[in-house]
file final.cif (mmCIF, C-alpha atoms)
data_my_file
loop_
_atom_site.label_atom_id
_atom_site.label_comp_id
_atom_site.auth_asym_id
_atom_site.auth_seq_id
_atom_site.Cartn_x
_atom_site.Cartn_y
_atom_site.Cartn_z
CA MET A 15 112.59 111.08 132.10
CA PHE A 16 113.12 107.92 134.07
CA MET A 17 111.84 104.75 132.50
CA GLU A 18 112.53 101.50 134.21
CA GLY A 19 115.06 99.35 132.48
CA LEU A 20 115.76 101.89 129.81
CA THR A 21 118.21 104.16 131.53
CA VAL A 22 121.02 101.77 130.69
CA SER A 23 122.59 102.77 127.43
CA ASP A 24 125.38 100.23 127.58
CA ASN A 25 126.78 98.73 124.48
CA ALA A 26 126.67 94.95 124.35
CA VAL A 27 129.20 95.03 121.53
CA MET A 28 131.53 97.79 120.38
CA VAL A 29 133.27 97.58 117.02
CA ARG A 30 136.09 100.07 116.43
CA ASN A 31 138.11 100.68 113.26
CA VAL A 32 137.79 97.13 112.08
CA SER A 33 138.98 96.30 108.61
CA VAL A 34 138.79 92.96 106.88
CA LYS A 35 140.11 91.94 103.47
CA LEU A 36 138.64 88.89 101.76
CA GLY A 37 139.97 88.69 98.24
CA ARG A 38 138.62 91.79 96.54
CA PHE A 39 136.00 92.45 99.21
CA GLU A 40 136.77 94.89 102.00
CA LEU A 41 134.85 95.49 105.19
CA ASN A 42 135.63 98.72 107.00
CA VAL A 43 133.69 99.54 110.13
CA ASP A 44 134.87 102.65 111.98
CA THR A 45 132.23 102.57 114.69
CA LEU A 46 129.38 100.20 115.40
CA ASP A 47 127.72 100.00 118.81
CA ILE A 48 125.20 97.25 119.41
CA LYS A 49 122.94 98.52 122.20
CA LYS A 50 122.32 96.27 125.16
CA GLY A 51 118.69 95.43 125.84
CA PHE A 52 117.48 96.07 122.32
CA ILE A 53 116.96 94.46 118.93
CA THR A 54 119.18 95.77 116.15
CA GLY A 55 118.42 94.84 112.58
CA LEU A 56 121.21 94.78 110.02
CA ILE A 57 120.10 95.44 106.46
CA GLY A 58 121.99 95.57 103.20
CA LYS A 59 122.07 93.99 99.77
CA ASN A 60 123.57 90.61 99.00
CA GLY A 61 127.33 91.03 99.09
CA ALA A 62 127.20 94.23 101.15
CA GLY A 63 129.02 92.48 103.98
CA LYS A 64 126.31 91.42 106.44
CA THR A 65 127.56 87.89 106.99
CA THR A 66 131.19 89.02 106.93
CA LEU A 67 130.42 91.55 109.65
CA ILE A 68 128.72 88.97 111.87
CA LYS A 69 131.49 86.43 111.31
CA THR A 70 134.15 89.03 112.06
CA VAL A 71 132.46 90.09 115.29
CA LEU A 72 132.28 86.42 116.31
CA ASP A 73 135.95 85.84 115.51
CA CYS A 74 135.29 83.43 112.62
CA ILE A 75 137.09 85.86 110.33
CA GLN A 76 140.28 87.58 111.48
CA PRO A 77 140.28 91.32 110.92
CA GLU A 78 143.48 92.99 109.70
CA SER A 79 143.11 95.62 112.36
CA GLY A 80 140.66 97.07 114.85
CA GLU A 81 139.01 96.17 118.08
CA ILE A 82 135.81 94.34 119.03
CA LEU A 83 134.66 94.45 122.65
CA PHE A 84 131.90 92.47 124.36
CA ASP A 85 130.79 94.36 127.48
CA GLY A 86 134.17 96.05 127.30
CA VAL A 87 136.09 92.80 126.97
CA PRO A 88 137.77 91.49 123.80
CA MET A 89 137.32 87.93 122.58
CA TRP A 90 141.08 87.46 122.54
CA GLY A 91 142.20 86.20 125.95
CA HIS A 92 138.62 85.95 127.24
CA GLU A 93 137.22 83.36 124.90
CA ALA A 94 135.41 81.29 127.51
CA VAL A 95 133.61 84.30 128.97
CA VAL A 96 132.71 85.85 125.62
CA LYS A 97 131.65 82.60 123.96
CA ALA A 98 129.46 81.69 126.93
CA LYS A 99 127.53 84.92 126.55
CA THR A 100 127.19 84.92 122.77
CA ALA A 101 125.17 82.66 120.51
CA VAL A 102 124.68 82.62 116.77
CA VAL A 103 122.09 81.28 114.39
CA TYR A 104 123.14 80.94 110.75
CA ASP A 105 120.76 80.52 107.87
CA THR A 106 121.86 76.94 107.37
CA LEU A 107 122.25 74.11 109.83
CA ILE A 108 125.75 73.82 111.29
CA TYR A 109 125.20 70.43 112.97
CA PRO A 110 125.69 66.95 111.47
CA GLN A 111 122.45 66.09 109.72
CA HIS A 112 122.44 62.35 110.45
CA LEU A 113 122.07 62.93 114.20
CA THR A 114 118.83 63.42 116.08
CA ALA A 115 118.00 66.65 117.90
CA THR A 116 118.63 65.14 121.33
CA LYS A 117 121.89 63.48 120.29
CA THR A 118 123.18 66.76 118.89
CA ALA A 119 122.37 68.53 122.14
CA LYS A 120 124.11 65.77 124.13
CA ILE A 121 127.29 66.30 122.11
CA ILE A 122 127.26 70.10 122.24
CA SER A 123 125.98 70.63 125.78
CA PRO A 124 129.21 69.84 127.71
CA PHE A 125 130.89 72.85 126.06
CA TYR A 126 128.36 75.26 127.52
CA ASP A 127 126.29 75.91 130.58
CA PHE A 128 123.49 74.09 128.80
CA ASP A 129 119.94 74.39 130.10
CA TRP A 130 118.00 71.22 129.21
CA GLU A 131 114.77 72.70 130.43
CA ILE A 132 114.96 75.55 127.92
CA PHE A 133 115.98 73.04 125.26
CA HIS A 134 112.96 70.81 125.79
CA ARG A 135 110.57 73.70 126.24
CA LEU A 136 111.59 75.26 122.91
CA LEU A 137 111.52 71.92 121.07
CA GLU A 138 107.97 71.44 122.24
CA ARG A 139 106.96 74.98 121.48
CA PHE A 140 108.35 74.74 117.95
CA GLY A 141 106.77 71.30 117.48
CA LEU A 142 110.16 69.67 116.84
CA ARG A 143 110.38 65.92 117.45
CA PRO A 144 113.43 65.27 119.69
CA HIS A 145 114.23 61.83 118.29
CA MET A 146 114.02 62.70 114.64
CA ARG A 147 117.13 63.05 112.51
CA LEU A 148 117.94 66.64 111.63
CA SER A 149 118.04 65.64 107.95
CA SER A 150 114.33 64.86 108.08
CA TYR A 151 113.51 68.29 109.49
CA SER A 152 112.15 70.80 106.98
CA ARG A 153 114.18 73.96 106.39
CA GLY A 154 111.97 75.89 108.78
CA MET A 155 112.36 73.22 111.44
CA GLN A 156 116.14 73.29 111.02
CA VAL A 157 116.23 77.04 111.63
CA LYS A 158 114.00 76.60 114.67
CA PHE A 159 116.34 73.89 115.92
CA SER A 160 119.31 76.24 115.50
CA VAL A 161 117.47 78.87 117.55
CA THR A 162 116.69 76.26 120.21
CA MET A 163 120.37 75.30 120.45
CA ALA A 164 121.44 78.94 120.56
CA LEU A 165 119.03 79.86 123.37
CA ALA A 166 119.60 76.69 125.40
CA HIS A 167 122.95 77.88 126.68
CA ASN A 168 121.46 81.06 128.08
CA PRO A 169 123.33 83.61 126.00
CA GLU A 170 123.20 87.35 126.58
CA ILE A 171 123.82 88.37 122.99
CA LEU A 172 122.07 86.55 120.19
CA PHE A 173 123.32 86.97 116.62
CA LEU A 174 121.16 85.77 113.77
CA ASP A 175 122.19 85.74 110.13
CA GLU A 176 119.11 85.74 107.89
CA PRO A 177 117.09 83.66 110.34
CA THR A 178 113.72 84.32 108.77
CA SER A 179 114.56 83.83 105.10
CA GLY A 180 113.08 80.58 103.87
CA LEU A 181 110.52 80.47 106.66
CA ASP A 182 106.82 80.66 105.97
CA PRO A 183 104.95 83.64 107.48
CA THR A 184 103.67 81.68 110.48
CA ALA A 185 107.11 80.36 111.31
CA ARG A 186 108.56 83.86 110.94
CA ASP A 187 105.96 85.19 113.29
CA ASP A 188 106.89 82.48 115.82
CA MET A 189 110.52 83.52 115.48
CA LEU A 190 109.73 87.17 116.19
CA ASP A 191 107.78 86.11 119.29
CA VAL A 192 110.77 84.14 120.52
CA LEU A 193 113.06 87.14 120.01
CA LEU A 194 110.67 89.47 121.83
CA GLU A 195 110.43 87.00 124.71
CA PHE A 196 114.22 86.76 124.87
CA ILE A 197 114.50 90.54 125.06
CA GLN A 198 112.08 90.77 128.01
CA ASP A 199 115.24 90.61 130.09
CA GLU A 200 116.87 94.00 129.68
CA ASN A 201 120.36 92.48 129.78
CA LYS A 202 119.77 90.54 126.58
CA THR A 203 120.63 91.80 123.13
CA VAL A 204 119.63 90.71 119.62
CA PHE A 205 121.51 91.52 116.42
CA PHE A 206 120.03 90.10 113.27
CA SER A 207 120.58 90.51 109.58
CA THR A 208 117.70 90.08 107.23
CA HIS A 209 116.28 90.70 103.78
CA ILE A 210 112.75 90.49 105.07
CA THR A 211 112.52 94.06 106.22
CA SER A 212 108.86 93.85 107.21
CA ASP A 213 110.04 91.87 110.23
CA LEU A 214 112.19 94.86 111.17
CA ASP A 215 109.37 97.33 110.52
CA LYS A 216 107.72 95.60 113.44
CA ILE A 217 110.16 94.64 116.13
CA ALA A 218 113.53 96.31 115.58
CA ASP A 219 114.68 99.10 117.89
CA TYR A 220 117.74 100.04 115.87
CA ILE A 221 118.45 99.66 112.17
CA ALA A 222 121.99 99.45 110.83
CA LEU A 223 122.52 99.74 107.08
CA ILE A 224 125.60 98.28 105.47
CA GLU A 225 126.67 99.20 101.94
CA ASN A 226 129.80 98.04 100.15
CA GLY A 227 131.39 96.89 103.36
CA ARG A 228 130.65 100.08 105.30
CA VAL A 229 128.09 100.74 107.99
CA VAL A 230 126.29 103.79 106.63
CA PHE A 231 124.11 104.39 109.66
CA ASN A 232 122.90 102.75 112.84
CA GLU A 233 119.99 104.59 114.37
CA VAL A 234 116.73 104.26 116.27
CA LYS A 235 114.20 102.83 113.82
CA ASP A 236 111.43 105.28 114.66
CA ASP A 237 113.80 108.25 114.28
CA MET A 238 114.94 106.90 110.94
CA LEU A 239 111.38 106.44 109.67
CA ASP A 240 110.52 109.96 110.87
CA ARG A 241 113.56 111.49 109.20
CA PHE A 242 113.34 109.82 105.78
CA ALA A 243 110.44 110.45 103.43
CA MET A 244 109.27 109.05 100.14
CA ALA A 245 108.80 112.11 97.96
CA HIS A 246 106.30 112.01 95.13
CA VAL A 247 107.23 114.93 92.91
CA GLU A 248 105.19 116.31 90.05
CA ARG A 249 107.10 116.81 86.82
CA GLU A 250 106.90 120.63 86.96
CA ALA A 251 108.22 120.69 90.52
CA LEU A 252 111.31 118.70 89.69
CA THR A 253 113.91 121.45 90.01
CA ASP A 254 117.61 120.87 90.58
CA ASP A 255 117.13 121.83 94.22
CA VAL A 256 114.56 119.10 94.67
CA VAL A 257 116.57 116.54 92.73
CA ARG A 258 119.59 117.13 94.95
CA CYS A 259 117.55 116.00 97.97
CA LEU A 260 116.51 112.71 96.44
CA SER A 261 118.07 109.34 95.88
CA GLY A 262 116.92 106.40 93.80
CA LEU A 263 114.80 108.69 91.64
CA LYS A 264 112.28 106.75 89.57
CA GLU A 265 110.01 108.22 86.92
CA ASN A 266 106.36 107.31 86.66
CA ALA A 267 103.28 108.58 84.85
CA PHE A 268 102.78 111.55 87.19
CA GLY A 269 106.35 112.60 87.83
CA CYS A 270 108.98 111.04 90.02
CA VAL A 271 109.39 109.13 93.24
CA GLY A 272 112.54 109.32 95.29
CA LEU A 273 113.82 108.92 98.80
CA CYS A 274 114.64 112.04 100.78
CA ALA A 275 117.01 111.59 103.72
CA ASP A 276 115.66 114.65 105.54
CA ARG A 277 111.96 115.33 105.15
CA ALA A 278 112.38 118.88 106.49
CA LEU A 279 114.14 119.83 103.24
CA LEU A 280 111.05 119.20 101.14
CA GLN A 281 108.26 119.77 103.65
CA GLY A 282 105.63 122.10 102.24
CA LYS A 283 107.22 122.47 98.79
CA PRO A 284 104.56 122.84 96.08
CA GLY A 285 104.18 119.80 93.86
CA VAL A 286 105.87 117.54 96.39
CA ARG A 287 103.94 115.02 98.47
CA LEU A 288 105.77 113.27 101.29
CA ALA A 289 104.91 109.81 102.55
CA ARG A 290 106.25 107.76 105.42
CA PRO A 291 108.71 105.15 104.13
CA THR A 292 109.11 101.54 105.19
CA VAL A 293 112.50 100.06 106.03
CA GLU A 294 112.34 98.37 102.64
CA ASP A 295 111.79 101.67 100.81
CA ILE A 296 114.90 103.07 102.45
CA MET A 297 116.98 100.07 101.56
CA ILE A 298 115.79 99.91 97.94
CA PHE A 299 115.96 103.60 97.12
CA ARG A 300 119.24 104.23 98.91
CA THR A 301 121.08 101.47 97.11
CA LYS A 302 119.53 102.03 93.72
CA ASP A 303 121.76 104.94 92.69
CA ARG A 304 124.85 102.83 92.87
CA ASP A 305 123.30 100.07 90.79
CA ASN A 306 122.25 102.28 87.94
CA GLY A 307 125.25 104.55 87.94
CA GLN A 308 124.43 108.23 87.67
CA TRP A 309 120.89 109.00 86.66
CA THR A 310 119.98 112.06 84.68
CA ILE A 311 116.80 114.00 84.63
CA ASP A 312 115.35 115.51 81.51
CA ASN A 313 113.75 118.58 82.94
CA GLY A 314 112.56 120.01 79.66
CA GLN A 315 109.70 117.67 78.83
CA MET B 284 93.43 96.12 126.49
CA ARG B 285 92.88 95.69 122.80
CA PHE B 286 95.12 97.50 120.36
CA MET B 287 95.18 97.66 116.60
CA ILE B 288 98.64 98.30 115.23
CA SER B 289 99.44 98.45 111.54
CA THR B 290 102.96 98.75 110.17
CA LEU B 291 101.49 99.66 106.78
CA SER B 292 99.76 102.77 108.07
CA GLN B 293 101.10 106.25 107.40
CA THR B 294 100.76 106.94 111.12
CA PRO B 295 103.92 106.05 113.07
CA ILE B 296 103.46 103.06 115.37
CA TYR B 297 104.27 105.08 118.50
CA GLU B 298 101.54 107.52 117.46
CA GLN B 299 99.06 104.66 117.02
CA ILE B 300 99.82 103.33 120.50
CA LYS B 301 99.58 106.80 121.99
CA THR B 302 96.23 107.60 120.38
CA GLN B 303 94.74 104.30 121.43
CA ILE B 304 95.83 104.65 125.05
CA LYS B 305 94.44 108.20 125.04
CA GLU B 306 91.12 106.94 123.75
CA LEU B 307 91.02 104.34 126.51
CA VAL B 308 91.66 107.08 129.08
CA LEU B 309 89.13 109.49 127.59
CA THR B 310 86.42 106.84 127.41
CA GLY B 311 87.13 105.78 130.96
CA GLN B 312 88.24 102.25 130.09
CA LEU B 313 91.58 103.08 131.68
CA LYS B 314 91.07 104.70 135.07
CA SER B 315 93.39 107.21 136.60
CA GLY B 316 95.96 105.57 138.81
CA GLU B 317 95.86 102.37 136.81
CA GLN B 318 99.27 100.99 135.87
CA LEU B 319 100.18 100.63 132.22
CA PRO B 320 101.91 97.39 131.20
CA SER B 321 105.72 97.54 131.38
CA ILE B 322 107.41 98.77 128.24
CA ARG B 323 108.99 95.45 127.42
CA PHE B 324 105.80 93.51 128.06
CA MET B 325 103.80 95.89 125.91
CA ALA B 326 106.37 95.60 123.09
CA LYS B 327 106.08 91.83 123.15
CA ASP B 328 102.31 91.95 123.35
CA LEU B 329 101.90 94.33 120.42
CA LYS B 330 104.88 92.84 118.57
CA VAL B 331 106.60 96.19 118.17
CA GLY B 332 109.95 97.65 119.20
CA ILE B 333 110.75 98.52 122.80
CA ILE B 334 111.86 102.04 121.91
CA THR B 335 108.58 102.52 120.05
CA VAL B 336 106.55 101.81 123.19
CA LYS B 337 108.90 103.94 125.29
CA ARG B 338 108.35 106.84 122.94
CA ALA B 339 104.55 106.47 123.18
CA TYR B 340 104.75 106.37 126.99
CA ASP B 341 107.12 109.36 127.10
CA ASP B 342 104.73 111.39 124.94
CA LEU B 343 101.76 110.42 127.11
CA CYS B 344 103.65 111.57 130.20
CA GLU B 345 104.58 114.83 128.50
CA GLU B 346 100.96 115.49 127.53
CA GLY B 347 99.77 114.77 131.06
CA PHE B 348 97.92 111.54 130.34
CA ALA B 349 100.35 109.39 132.29
CA VAL B 350 102.92 109.74 135.02
CA SER B 351 106.12 107.79 135.38
CA LEU B 352 107.05 106.84 138.94
CA ALA B 353 110.70 105.98 139.39
CA GLY B 354 111.18 102.27 139.89
CA ARG B 355 107.46 101.52 139.86
CA GLY B 356 106.28 102.03 136.34
CA VAL B 357 103.95 104.23 134.35
CA PHE B 358 100.46 105.06 135.59
CA VAL B 359 97.41 106.75 134.11
CA ALA B 360 97.33 110.34 135.35
CA ASP B 361 94.45 112.14 137.03
CA VAL B 362 92.66 113.55 134.05
CA ASP B 363 89.95 116.02 135.04
CA THR B 364 86.71 116.03 133.10
CA ALA B 365 86.85 119.70 132.13
CA ARG B 366 90.21 119.08 130.53
CA VAL B 367 88.90 115.98 128.78
CA LYS B 368 86.01 117.99 127.40
CA SER B 369 88.32 120.71 126.14
CA ILE B 370 90.50 118.10 124.45
CA HIS B 371 87.44 116.59 122.79
CA LEU B 372 86.41 120.03 121.58
CA GLN B 373 89.88 120.64 120.22
CA LEU B 374 89.80 117.32 118.36
CA LEU B 375 86.37 118.19 116.98
CA ARG B 376 87.66 121.55 115.82
CA GLU B 377 90.54 119.84 113.98
CA GLN B 378 88.16 117.43 112.26
CA LEU B 379 85.79 120.20 111.29
CA SER B 380 88.63 122.20 109.84
CA ASP B 381 89.44 119.20 107.62
CA ILE B 382 85.79 119.10 106.61
CA LYS B 383 85.91 122.81 105.85
CA ASP B 384 88.87 122.25 103.52
CA TYR B 385 87.05 119.35 101.93
CA CYS B 386 83.97 121.51 101.36
CA ALA B 387 86.10 124.20 99.76
CA THR B 388 87.58 121.76 97.22
CA ALA B 389 84.24 120.10 96.59
CA GLY B 390 82.39 123.42 96.18
CA ILE B 391 80.04 122.87 99.11
CA THR B 392 78.81 126.09 100.72
CA ARG B 393 78.56 126.67 104.45
CA LEU B 394 74.77 126.68 104.19
CA GLU B 395 74.78 123.31 102.44
CA LEU B 396 77.11 121.95 105.07
CA GLU B 397 74.80 123.12 107.85
CA GLU B 398 71.90 121.47 106.04
CA VAL B 399 73.76 118.16 105.90
CA LEU B 400 74.66 118.50 109.56
CA GLY B 401 71.01 119.06 110.35
CA ASP B 402 70.06 115.97 108.36
CA VAL B 403 72.60 113.92 110.27
CA TYR B 404 71.05 115.10 113.52
CA GLY B 405 67.62 114.20 112.16
CA GLY B 406 66.24 117.53 110.94
CA LEU B 407 67.57 121.05 111.38
CA ASP B 408 64.87 122.52 113.57
CA ARG B 409 64.58 119.73 116.04
CA GLU B 410 66.13 120.60 119.33
#
call {"tool": "encode", "arguments": {"input": "final.cif", "output": "structure tokens"}}
result
Amino acid sequence: MFMEGLTVSDNAVMVRNVSVKLGRFELNVDTLDIKKGFITGLIGKNGAGKTTLIKTVLDCIQPESGEILFDGVPMWGHEAVVKAKTAVVYDTLIYPQHLTATKTAKIISPFYDFDWEIFHRLLERFGLRPHMRLSSYSRGMQVKFSVTMALAHNPEILFLDEPTSGLDPTARDDMLDVLLEFIQDENKTVFFSTHITSDLDKIADYIALIENGRVVFNEVKDDMLDRFAMAHVEREALTDDVVRCLSGLKENAFGCVGLCADRALLQGKPGVRLARPTVEDIMIFRTKDRDNGQWTIDNGQ
Amino acid sequence: MRFMISTLSQTPIYEQIKTQIKELVLTGQLKSGEQLPSIRFMAKDLKVGIITVKRAYDDLCEEGFAVSLAGRGVFVADVDTARVKSIHLQLLREQLSDIKDYCATAGITRLELEEVLGDVYGGLDRE
């Protein structure tokens, strides 16, 4: 069916067979497509490789092998084009703290096609004082300033690494509004990593999960939430067949709770109740197995 | 348009949007031929994903509540009153079937149920 602005299924970024070695840590991404016109949320535990992935895509870390294309073009040999259309917000301020907001913009702006109108509009919207030193900004204000700088050069692809951590709920809400406004233009793309998965429950279109340096899946959020199920299993119903379908199994007073990657497998089984998961449930229960090693079930009690 | 969206609900967000638009159509607050907000605008307004809204709109088109016109947007379809009535009856039937199950578990007989229904209507024999 035709839907305006949604027929385009272009990839803003394509990552192919990229491998990175950083000491003992390895990042191996066979395929990752970041869809143009949408918000993709990257989730994963600390140390799973979220920041490494973003830094590799943005050429701050050199991969050993592989290819990364922006609208079909690699960074190498097209740096000016690619850097003009990408922007990044890190979780900490990357600008000298003793400068004021305006001074910082004056120094950075010549490197980009800098839009002062956007800059001033966002400063005002975020309630940031232009002539205040960045060091006197609160942490939340510093993140908002980073977003302002990132958006002021009119990027097409916005990367954010943990932008909402350390922000209070109101500030986070503001941030989500800004991202949704940015994405009103169907040629814009957002890729952001976060621990605060409730933000993704709301606005993300795609969710990518990274575990131990590998992208485990990257799929439409609604499809993912439809497919997975939290299974509450009564003790008597906990057969081997059921156990095989579950990950992150946790015992409680009534039986067990686990995550099922395909709700169809357990649908209608006696003693099993299925509930719709949140993004957080999926992240927690999927990664739990590896933390605890192999779990065993005592079926006899 | 006023929508209530909860990410904590067991009902998928696209389902919540769909049901609420349907209600607006069935109660006549959205008239046939009226244009629905663009997908991206709606996503921003409700603070939900774009694909989520698209899915709700797609479903509404499939069920005949909306039509998508290439290049122009999505519009409320011509919903005839007989069809609306039959949908309402179907919804009622579904709710009553839940009530029937509830009565079975709670040990309420059909006669008792009819009595309660009568009470709700203000006395069984009143027409």
call {"tool": "closest_residue", "arguments": {"input": "final.cif", "among": "A:Ala245, A:Leu223, A:Val29, A:Ile296", "to": "A:Phe84", "atoms": "all atoms listed in the file"}}
result
A:Val29
call {"tool": "resolve_selection", "arguments": {"input": "final.cif", "expression": "the PyMOL selection byres ((chain A) within 10 of (chain B))", "output": "PyMOL selection string"}}
result
chain A and resi 15-20+51-54+187+190-200+212-220+234-237+239-240+289-292
call {"tool": "closest_residue", "arguments": {"input": "final.cif", "among": "A:Val34, A:Val43, A:Ala101, A:Met297", "to": "A:Glu78", "atoms": "only C-alpha atoms"}}
result
A:Val34
call {"tool": "residues_around", "arguments": {"input": "final.cif", "residues": "A:Glu265", "least_positions_apart": "6", "cutoff": "10 Å", "atoms": "only C-alpha atoms", "output": "VMD selection string"}}
result
chain A and resid 246 to 249 271 to 272 311
call {"tool": "write_last_selection", "arguments": {"input": "final.cif", "atoms": "C-alpha atoms", "output": "mmCIF file, in the frame of the given file"}}
result
data_model
loop_
_atom_site.group_PDB
_atom_site.id
_atom_site.type_symbol
_atom_site.label_atom_id
_atom_site.label_comp_id
_atom_site.auth_asym_id
_atom_site.auth_seq_id
_atom_site.Cartn_x
_atom_site.Cartn_y
_atom_site.Cartn_z
ATOM 1 C CA HIS A 246 106.300 112.010 95.130
ATOM 2 C CA VAL A 247 107.230 114.930 92.910
ATOM 3 C CA GLU A 248 105.190 116.310 90.050
ATOM 4 C CA ARG A 249 107.100 116.810 86.820
ATOM 5 C CA VAL A 271 109.390 109.130 93.240
ATOM 6 C CA GLY A 272 112.540 109.320 95.290
ATOM 7 C CA ILE A 311 116.800 114.000 84.630
#
call {"tool": "resolve_selection", "arguments": {"input": "final.cif", "expression": "the PyMOL selection byres ((chain A and resi 122-136) around 7)", "output": "list in words"}}
result
Ala98, Thr118, Ala119, Lys120, Ile121, Leu137, Glu138, Arg139, Phe140, Thr162, Met163, Ala166 and His167 of chain A
call {"tool": "resolve_selection", "arguments": {"input": "final.cif", "expression": "the PyMOL selection byres ((chain A and resi 56-62) around 9)", "output": "JSON, numbers by chain"}}
result
{"A": [39, 41, 54, 55, 63, 64, 65, 66, 205, 206, 207, 208, 209, 210, 211, 220, 221, 222, 223, 224, 225, 226, 227, 228, 232, 293, 297, 298, 301]}
call {"tool": "write_last_selection", "arguments": {"input": "final.cif", "atoms": "C-alpha atoms", "output": "short mmCIF file (atom, residue, chain, number, x, y, z; two decimals), in the coordinates of the input"}}
result
data_model
loop_
_atom_site.label_atom_id
_atom_site.label_comp_id
_atom_site.auth_asym_id
_atom_site.auth_seq_id
_atom_site.Cartn_x
_atom_site.Cartn_y
_atom_site.Cartn_z
CA PHE A 39 136.00 92.45 99.21
CA LEU A 41 134.85 95.49 105.19
CA THR A 54 119.18 95.77 116.15
CA GLY A 55 118.42 94.84 112.58
CA GLY A 63 129.02 92.48 103.98
CA LYS A 64 126.31 91.42 106.44
CA THR A 65 127.56 87.89 106.99
CA THR A 66 131.19 89.02 106.93
CA PHE A 205 121.51 91.52 116.42
CA PHE A 206 120.03 90.10 113.27
CA SER A 207 120.58 90.51 109.58
CA THR A 208 117.70 90.08 107.23
CA HIS A 209 116.28 90.70 103.78
CA ILE A 210 112.75 90.49 105.07
CA THR A 211 112.52 94.06 106.22
CA TYR A 220 117.74 100.04 115.87
CA ILE A 221 118.45 99.66 112.17
CA ALA A 222 121.99 99.45 110.83
CA LEU A 223 122.52 99.74 107.08
CA ILE A 224 125.60 98.28 105.47
CA GLU A 225 126.67 99.20 101.94
CA ASN A 226 129.80 98.04 100.15
CA GLY A 227 131.39 96.89 103.36
CA ARG A 228 130.65 100.08 105.30
CA ASN A 232 122.90 102.75 112.84
CA VAL A 293 112.50 100.06 106.03
CA MET A 297 116.98 100.07 101.56
CA ILE A 298 115.79 99.91 97.94
CA THR A 301 121.08 101.47 97.11
#
call {"tool": "atom_distance", "arguments": {"input": "final.cif", "atom1": "atom CA of A:Arg241", "atom2": "atom CA of A:Thr45"}}
result
21.4 Å
